[in-house]
Amino acid sequence: MKKLIKSTQQWLHKMASPRWFYQISGRWLPLLSLLTFVSIIIGVIWGLGFAPQDAKQGNSFRIIYIHVPASFLALVGYYIMAISGAIAIIWKIKLADVVMKSAAPIGASLTFIALLTGAVWGKPTWGTYWIWDARITSMLILFFLYLGVIVLQKAYAAQGLSNKAAALLALVGTINIPIIYKSVDWWYTLHQPATIKFTEAPSMHPDMFQPLLIMIIGFYLFYVTALIVSIRAEIIFRERNTSWVKELALNLKDKRSI
Amino acid sequence: MNNIGFLAILRRDLLLAVRYRGDLANPLIFFFVIIALIPLGLTPDSKELSEIAPGMLWITALLASLLSLDGLFKDDFVDGTLEQIIILPQPLYFMVLAKTIVHWIVTGLPLSLLAPVLGLMLSLPETGYLPLMLSLLIGTAILSLIGSIGAALTLPLSKEGVLLSLIVIPFYMPVLIFGSNIVVLAVDGLSIASPLAIMGALLALSLLISPYVTSCALRFSIYG
Amino acid sequence: MPDPKNILMTPASVKTLSLKDLSFQRNEKFLFSNINLTLESGDILQILGQNGSGKTTLLRLISTALKPYSGEIIWQGKNVNGIREVYLEDILFLGHQPGLKRLLSAEENLVWWRRLNKTNLRKNVYAFEEVGLYNYKDEPCNYLSAGQLKRAALARLCVSEAKLWILDEPFTSIDKDFSIKLKSLIVSHLRRGGIVVLATHQDLKIENMKYFSIPDLSGANSE
């Protein structure tokens, strides 16, 4: 039993080692990138080109193949950021700190894409690029939450202080997200604006749903790949004074001079 | 021992607030001045003003409260008093709560009491006066509590004024939604029980959680 | 001769402070690591080191304002994390800044401080007489000079019941006469069985003084 605990502890410690992560991720990255690329290409071509037209919206609905996965990942990405931040401050694992720092801008960009594609969808559907409906408003507030975390991170980094405050902010944000979504919902139904009610495709035809599924998977893969690439860069930067990084750099240099 | 510590900080902060009355007036003057901007920027028409009055009053009160937030810990941070408070045997939770309560007494409370007068200036119907004050009393208390988290997080930063607002505002949005709604419902003659209950719940939640989070934030932000 | 790491292994006596394998990191670099030392009643420890080497950090670690990267602080045989309230009641910390509200008078500041900390039965006037501030105790602190502010802060030493004094550069800003007074306050605290840990550049010439030098780790490899 003691052996089991000891080996788990060692494994956890190993997992938390930046160098180990760098090496392992290096092996998986090519495959991940390939899968990401493939699934997104398939999803895009299928969804934008071959899926059947929508009865009401015609071809303009196709933007959901980007909008829906982006919004989904934007929300999931926030929780990934907050949870890794929590791990960093509670268990003081440096790698978790790196994950959080890398996850923030990726999540924020996805939120922005969701908002942008939402606007693109809005023009043909409701005649305007922006509409204050519950989902888009919630997404906007999520964007502000991301921006707050990123700005706080940068301000602390500029003064050479640690990332703990930003991690705490992200964590407090997770409590706030359900409250925000609920209150925005409430706010929207309360005012019943005279515009067209935003309907999500209630039950999608399988022919429309399948490419969406592929896009969601593709976006997940994209998120993970982008995260790993970003983490690796950050690891190299943080460990730039260690011997293994210097060795790595020298090896690369040698390879290039050949 | 807890009570003594809590009261000691409460008394001291109140004493300081009284000694330096400049801080007290600023949010009120801001509130007043911005409300004057609204008709100038929009319309002098009473009917139109009365329609936007609840929201504008709430937004302006929110901003005025926000402005006074960065002074919450700054002074103690600079003169070394905060350092002493953090290493007290009394839980930091109560010390933070005491400071937050004083902050509310000095900003939120006066704002809420002044609000109906400004409501008059924006043609808010009379039925709205009391609900406005009530919603602001609860709302500004929540704002002080949640805002203290932001104040603590931005404490060691140099240009924290704008940053503080950016961080805190997303957390204020639900409070704004329900708070202004209370006034709107009251003006329309409808029951305000529902949003009032929600505000009460938010207040209870922030009373429980905010001082604790702020304590953690203080420990992180001061010493890294 | 200053002894860099004076390690005493004794069973837990009435008042002991032990640091075990204490280390602290900032920005991925260790400020110091594996500090081991023990202090007993009547001991005084002077912390030496370059500016920015971590003297203040070490003092803050001992006061528990900061948490160490690894290692323990042990007070009277128990880890301070477990006896937090008891430990904090037993310590007095004076940092770089005086810790006084400028809008309040020296006396008002002391009254406030006494409400929050464990103090003896001596009156405030006694404290202000001791530090030579009796004539200024009712002036708002923003009218006091730097030296007077320091005296006002040090007035706490006269009324505190704390057994462990943690002082960060207590001799700055004060004149020679008061330095002598401060030294005598420290010595009487030691005679009563207290412990003092302080960071200062002054050469105090107190009997049985212990020293700890923080190694300068910038640029070099750790330890």
# chains A, B, ... in the order shown; residues from 1 in each chain; ligands from 1
$ residues_around --residues "range 107-123 of chain A" --least-positions-apart "5" --cutoff "6 Å" --atoms "only C-alpha atoms" --output "list in words"
His67, Ala70, Ser71, Ala74, Gly77, Thr128, Tyr129, Trp130, Phe143 and Tyr146 of chain A
$ interface_residues --of "chain B" --to "chain A" --cutoff "12 Å" --atoms "only C-alpha atoms" --output "PyMOL selection string"
chain B and resi 146+149-160+162-182+184-185+194-195+198-199+201-202+205-206+209-210+212-224
$ closest_atom_pairs --of "chain B" --to "chain C" --cutoff "7 Å" --atoms "only C-alpha atoms" --output "Markdown table"
| residue | atom | partner | partner_atom | distance |
| --- | --- | --- | --- | --- |
| B:Ile4 | CA | C:Arg115 | CA | 6.7 |
| B:Gly5 | CA | C:Leu116 | CA | 5.3 |
| B:Ala8 | CA | C:Arg115 | CA | 6.4 |
| B:Leu16 | CA | C:Leu103 | CA | 6.8 |
| B:Asp79 | CA | C:Gly99 | CA | 5.4 |
| B:Gly80 | CA | C:Gly99 | CA | 4.0 |
| B:Thr81 | CA | C:Gly99 | CA | 4.2 |
| B:Gln84 | CA | C:Gly99 | CA | 6.9 |
| B:Ile86 | CA | C:Ala65 | CA | 6.8 |
| B:Ile87 | CA | C:Ala65 | CA | 6.0 |
| B:Leu88 | CA | C:Leu88 | CA | 6.2 |
| B:Pro89 | CA | C:Glu85 | CA | 4.6 |
| B:Tyr223 | CA | C:Leu66 | CA | 6.8 |
$ atom_distance --atom1 "CA of Gly54 in chain C" --atom2 "CA of Ser179 in chain C"
24.2 Å
$ residues_around --residues "range 47-51 of chain C" --least-positions-apart "2" --cutoff "6 Å" --atoms "only C-alpha atoms" --output "list in words"
Ser53, Ala199, Tyr211, Phe212, Ser213 and Ile214 of chain C
$ write_last_selection --atoms "N, CA and C atoms" --output "mmCIF file, in the first residue's frame"
data_model
loop_
_atom_site.group_PDB
_atom_site.id
_atom_site.type_symbol
_atom_site.label_atom_id
_atom_site.label_comp_id
_atom_site.auth_asym_id
_atom_site.auth_seq_id
_atom_site.Cartn_x
_atom_site.Cartn_y
_atom_site.Cartn_z
ATOM 1 N N SER C 53 18.466 41.012 -0.432
ATOM 2 C CA SER C 53 18.814 39.595 -0.397
ATOM 3 C C SER C 53 17.720 38.759 0.254
ATOM 4 N N ALA C 199 16.593 42.544 11.725
ATOM 5 C CA ALA C 199 17.456 42.826 10.590
ATOM 6 C C ALA C 199 17.952 44.242 10.773
ATOM 7 N N TYR C 211 24.101 35.294 14.849
ATOM 8 C CA TYR C 211 24.008 35.951 13.549
ATOM 9 C C TYR C 211 23.549 34.968 12.494
ATOM 10 N N PHE C 212 22.888 35.492 11.511
ATOM 11 C CA PHE C 212 22.573 34.669 10.344
ATOM 12 C C PHE C 212 22.769 35.519 9.104
ATOM 13 N N SER C 213 23.585 35.018 8.203
ATOM 14 C CA SER C 213 23.819 35.741 6.961
ATOM 15 C C SER C 213 23.064 35.092 5.834
ATOM 16 N N ILE C 214 22.301 35.880 5.146
ATOM 17 C CA ILE C 214 21.606 35.321 3.993
ATOM 18 C C ILE C 214 22.581 35.314 2.826
#
$ atom_distance --atom1 "CA of Lys137 in chain C" --atom2 "CA of Glu107 in chain C"
5.3 Å
$ residues_around --residues "range 15-20 of chain A" --least-positions-apart "2" --cutoff "10 Å" --atoms "only C-alpha atoms" --output "PDB file with N, CA and C atoms, in the first residue's frame"
ATOM      1  N   GLN A   9       2.611   9.376  -5.788  1.00  0.00           N
ATOM      2  CA  GLN A   9       3.198  10.670  -5.482  1.00  0.00           C
ATOM      3  C   GLN A   9       4.300  11.009  -6.470  1.00  0.00           C
ATOM      4  N   GLN A  10       5.121   9.992  -6.754  1.00  0.00           N
ATOM      5  CA  GLN A  10       6.216  10.228  -7.680  1.00  0.00           C
ATOM      6  C   GLN A  10       5.685  10.563  -9.065  1.00  0.00           C
ATOM      7  N   TRP A  11       4.611   9.840  -9.458  1.00  0.00           N
ATOM      8  CA  TRP A  11       4.019  10.073 -10.761  1.00  0.00           C
ATOM      9  C   TRP A  11       3.456  11.488 -10.856  1.00  0.00           C
ATOM     10  N   LEU A  12       2.757  11.911  -9.784  1.00  0.00           N
ATOM     11  CA  LEU A  12       2.195  13.256  -9.754  1.00  0.00           C
ATOM     12  C   LEU A  12       3.295  14.303  -9.850  1.00  0.00           C
ATOM     13  N   HIS A  13       4.351  14.056  -9.109  1.00  0.00           N
ATOM     14  CA  HIS A  13       5.469  14.985  -9.114  1.00  0.00           C
ATOM     15  C   HIS A  13       6.092  15.072 -10.491  1.00  0.00           C
ATOM     16  N   TYR A  22       7.171  18.807 -21.445  1.00  0.00           N
ATOM     17  CA  TYR A  22       7.675  19.263 -22.728  1.00  0.00           C
ATOM     18  C   TYR A  22       8.033  18.072 -23.620  1.00  0.00           C
ATOM     19  N   GLN A  23       8.702  17.094 -23.030  1.00  0.00           N
ATOM     20  CA  GLN A  23       9.124  15.942 -23.813  1.00  0.00           C
ATOM     21  C   GLN A  23       7.939  15.098 -24.285  1.00  0.00           C
ATOM     22  N   ILE A  24       7.027  14.817 -23.348  1.00  0.00           N
ATOM     23  CA  ILE A  24       5.875  13.986 -23.708  1.00  0.00           C
ATOM     24  C   ILE A  24       5.021  14.695 -24.767  1.00  0.00           C
ATOM     25  N   SER A  25       4.740  15.988 -24.537  1.00  0.00           N
ATOM     26  CA  SER A  25       3.875  16.696 -25.474  1.00  0.00           C
ATOM     27  C   SER A  25       4.524  16.780 -26.839  1.00  0.00           C
ATOM     28  N   GLY A  26       5.848  16.831 -26.857  1.00  0.00           N
ATOM     29  CA  GLY A  26       6.541  16.877 -28.131  1.00  0.00           C
ATOM     30  C   GLY A  26       6.235  15.669 -28.985  1.00  0.00           C
ATOM     31  N   LYS A  92       0.304  24.605  -5.470  1.00  0.00           N
ATOM     32  CA  LYS A  92       1.554  25.247  -5.856  1.00  0.00           C
ATOM     33  C   LYS A  92       2.286  24.492  -6.956  1.00  0.00           C
ATOM     34  N   ILE A  93       1.565  23.967  -7.920  1.00  0.00           N
ATOM     35  CA  ILE A  93       2.208  23.266  -9.029  1.00  0.00           C
ATOM     36  C   ILE A  93       2.443  24.270 -10.144  1.00  0.00           C
ATOM     37  N   LYS A  94       3.704  24.443 -10.492  1.00  0.00           N
ATOM     38  CA  LYS A  94       4.064  25.477 -11.460  1.00  0.00           C
ATOM     39  C   LYS A  94       3.449  25.240 -12.827  1.00  0.00           C
ATOM     40  N   LEU A  95       3.383  23.963 -13.223  1.00  0.00           N
ATOM     41  CA  LEU A  95       2.848  23.648 -14.545  1.00  0.00           C
ATOM     42  C   LEU A  95       1.409  24.126 -14.662  1.00  0.00           C
ATOM     43  N   ALA A  96       0.649  24.006 -13.583  1.00  0.00           N
ATOM     44  CA  ALA A  96      -0.739  24.455 -13.596  1.00  0.00           C
ATOM     45  C   ALA A  96      -0.803  25.952 -13.845  1.00  0.00           C
ATOM     46  N   VAL A  98       1.340  27.630 -15.615  1.00  0.00           N
ATOM     47  CA  VAL A  98       1.618  27.810 -17.036  1.00  0.00           C
ATOM     48  C   VAL A  98       0.360  27.525 -17.856  1.00  0.00           C
ATOM     49  N   ILE A 231       1.797  26.308 -24.092  1.00  0.00           N
ATOM     50  CA  ILE A 231       2.452  25.869 -22.859  1.00  0.00           C
ATOM     51  C   ILE A 231       3.920  25.575 -23.103  1.00  0.00           C
ATOM     52  N   ARG A 232       4.199  24.910 -24.224  1.00  0.00           N
ATOM     53  CA  ARG A 232       5.584  24.578 -24.506  1.00  0.00           C
ATOM     54  C   ARG A 232       6.439  25.834 -24.630  1.00  0.00           C
ATOM     55  N   GLU A 234       5.884  28.713 -23.282  1.00  0.00           N
ATOM     56  CA  GLU A 234       6.028  29.329 -21.962  1.00  0.00           C
ATOM     57  C   GLU A 234       7.027  28.562 -21.108  1.00  0.00           C
ATOM     58  N   ILE A 235       7.011  27.235 -21.216  1.00  0.00           N
ATOM     59  CA  ILE A 235       7.952  26.412 -20.446  1.00  0.00           C
ATOM     60  C   ILE A 235       9.381  26.755 -20.846  1.00  0.00           C
ATOM     61  N   ILE A 236       9.612  26.812 -22.153  1.00  0.00           N
ATOM     62  CA  ILE A 236      10.953  27.121 -22.626  1.00  0.00           C
ATOM     63  C   ILE A 236      11.389  28.476 -22.064  1.00  0.00           C
ATOM     64  N   ARG A 238      10.326  30.034 -19.324  1.00  0.00           N
ATOM     65  CA  ARG A 238      10.550  30.031 -17.879  1.00  0.00           C
ATOM     66  C   ARG A 238      11.794  29.252 -17.497  1.00  0.00           C
ATOM     67  N   GLU A 239      12.108  28.212 -18.281  1.00  0.00           N
ATOM     68  CA  GLU A 239      13.244  27.366 -17.910  1.00  0.00           C
ATOM     69  C   GLU A 239      14.476  27.705 -18.734  1.00  0.00           C
ATOM     70  N   TRP A 244      18.835  21.758 -19.539  1.00  0.00           N
ATOM     71  CA  TRP A 244      18.175  20.982 -20.585  1.00  0.00           C
ATOM     72  C   TRP A 244      17.676  21.869 -21.707  1.00  0.00           C
ATOM     73  N   VAL A 245      17.283  23.085 -21.370  1.00  0.00           N
ATOM     74  CA  VAL A 245      16.837  23.993 -22.418  1.00  0.00           C
ATOM     75  C   VAL A 245      18.013  24.457 -23.265  1.00  0.00           C
TER      76      VAL A 245
END
$ residues_around --residues "Ser230 in chain A" --least-positions-apart "6" --cutoff "10 Å" --atoms "only C-alpha atoms" --output "PyMOL selection string"
chain A and resi 98-99+101-103+105-106+224
$ write_last_selection --atoms "C-alpha atoms" --output "mmCIF file, in the first residue's frame"
data_model
loop_
_atom_site.group_PDB
_atom_site.id
_atom_site.type_symbol
_atom_site.label_atom_id
_atom_site.label_comp_id
_atom_site.auth_asym_id
_atom_site.auth_seq_id
_atom_site.Cartn_x
_atom_site.Cartn_y
_atom_site.Cartn_z
ATOM 1 C CA VAL A 98 1.618 27.810 -17.036
ATOM 2 C CA VAL A 99 -1.587 26.112 -18.206
ATOM 3 C CA LYS A 101 -1.569 31.609 -18.368
ATOM 4 C CA SER A 102 -1.776 29.913 -21.769
ATOM 5 C CA ALA A 103 -5.481 29.119 -21.565
ATOM 6 C CA PRO A 105 -5.822 34.253 -24.425
ATOM 7 C CA ILE A 106 -7.023 31.158 -26.285
ATOM 8 C CA VAL A 224 -5.876 21.289 -26.850
#
$ residues_around --residues "range 29-46 of chain B" --least-positions-apart "3" --cutoff "7 Å" --atoms "only C-alpha atoms" --output "list of chain:residue names"
B:Ala25, B:Asn26, B:Leu49, B:Ser50, B:Thr60, B:Ala61, B:Ala64, B:Ser123
